[in-house]
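Below is one structure, written out as structure tokens; the observations come after it.
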Amino acid sequence: MKYALAISALAALAAGATSCTKTINVSSQSDLQSISSCSTFKADIVIDGAEEEGVAGLTAISVDGIKEITGSLVIQNLYNLETVTFPSLTTAGSLKVLNNTKAYKLDFPVLTSIDDLQIINDPSLQEFNYKNISSIGNFQIINTHIATLSPFVATKATNIEIASNNQLSQLDFSSVQQMAGYINIANNGRNANISFAQLTTVGGNASFADAYALNIGKLSTVSDDFSLYTNKLDNLTVASLSQAKKSITLSDNDFEAISFPKLTTIGSSLNIANNTNLNSISDTTFPKLTTIPGSMILEGSFDNITFPSLKSVAGLVSLSGKGRLTCKEATKELSAADKIDCSLETIDEESSNSGEEEDSKSHNSSDNNTTSGASQSAAVATLFGGALALLVACV
């Protein structure tokens, strides 16, 4: 009992000697020990190996006792750091773990609320443990080796950016319903499965790339650009999107078919390019789209282009690529546009059949040459055999 009291007294003395309200630039292990006496730290904690030589050699950071940081916790440029542990931290204004090349584990087992989370350029990082995230502003995880994310249960967020994490294949943000800022999901693990199943509104850009599965079925409004790049999906229906207040871009995807059944207006431009398997923009692709106040770029191997409800395209329509669609047919389908620049190369049935005939002729010619060669070989063999028989008879 006396031992426990002595420990409490020492903690009280330490708390009295340490300010829990002033920003600290940690310069030694003793600084970390001193701030652990603060239950709530009402300023910033900065641990920067580039600024303080005394911490540059740290291999582990462990701070118990702090439950809340109202300011920022910054851990950066520590090139020998391997593990970080804050076992009691539940809430932080900001957590930034940046440029720690050897760090492989971050342990925040009771963290649930944070305004700004940035885990960036920690290429060896395999584990980031938190209880769950029920309240979040900015959430960025970029260039790590993380394979799984802990539960994410927040219904609102400002920005979410998950990029260049080549082991991360399950990105489950199904709880998120509203985004005040942007979404950027790109270049994560093979077979990346991305789910924003309950998301309805995005206040900024929405960009999804390199997905093998994508669930954005309830997304109805994007207040900035909406983009789909290099996705591996065969088919995608963006079932609820009715407003894209700036541009829509579909580029370098594997889509064979895509549909925006409720989209009526685009705030700027429509760009569809280099989707090599997308041969048709059919009457189910943009069935209700009426207005494009900007430009339209359509580049690909199109056999058909149809916009059944389109009434107005204010900017230039640029058509290019090589398919069965002619410029005359495309211009007729896009009569809502005043300015069309068409450089489509058309593959017609006759040239296609001609190519098949040439292949057939080439094949037959090869067969004939083979037969002719065989016949000549047989003749030579017969002649040689006869000469040999005559020679034997003379002997």
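Within each chain, counting starts at residue 1; across the structure tokens, chains are named A, B, ... in the order shown, with ligands numbered 1 upward in that order.
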Region 194-335 of chain A: which residues are helix (DSSP H, G or I) by DSSP, as JSON, numbers by chain?
-> {"A": [327, 328, 329, 330, 331, 332, 333]}
Mind the document's chain letters and residue numbers, and return as a PyMOL selection string the residues of region 42-270 of chain A that DSSP labels strand (DSSP E).
-> chain A and resi 45-48+60-62+68-76+83-85+91-98+105-108+113-122+127-130+135-144+156-157+159-163+170-172+178-179+183-186+193-195+201-202+206-209+213-215+221-222+226-229+235-237+243-244+248-251+257-259+265-266+270
Option closest in space to Glu52 (chain A), from A:Asn77, A:Ser37, A:Thr83, A:Gln170 [counting only C-alpha atoms] |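 Looking only at the distances to Glu52 (chain A), the closest residue turns out to be A:Asn77.
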Nearest-residue call for Asn100 (chain A), choices A:Gly204, A:Gly57, A:Pro287, A:Gly71, using only C-alpha atoms | A:Gly57
So how far away is CA of Ser195 (chain A) from CA of Thr290 (chain A), in Å?
->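 Answer for the CA of Thr290 (chain A) to CA of Ser195 (chain A) separation: 29.2 Å.
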Compare A:Gln243, A:Thr200, A:Thr85, A:Ser30 by their minimum atom-to-atom distance to Thr264 (chain A), counting only C-alpha atoms, and give me the closest one.
->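 Using only C-alpha atoms, Thr264 (chain A) sits closest to A:Gln243.
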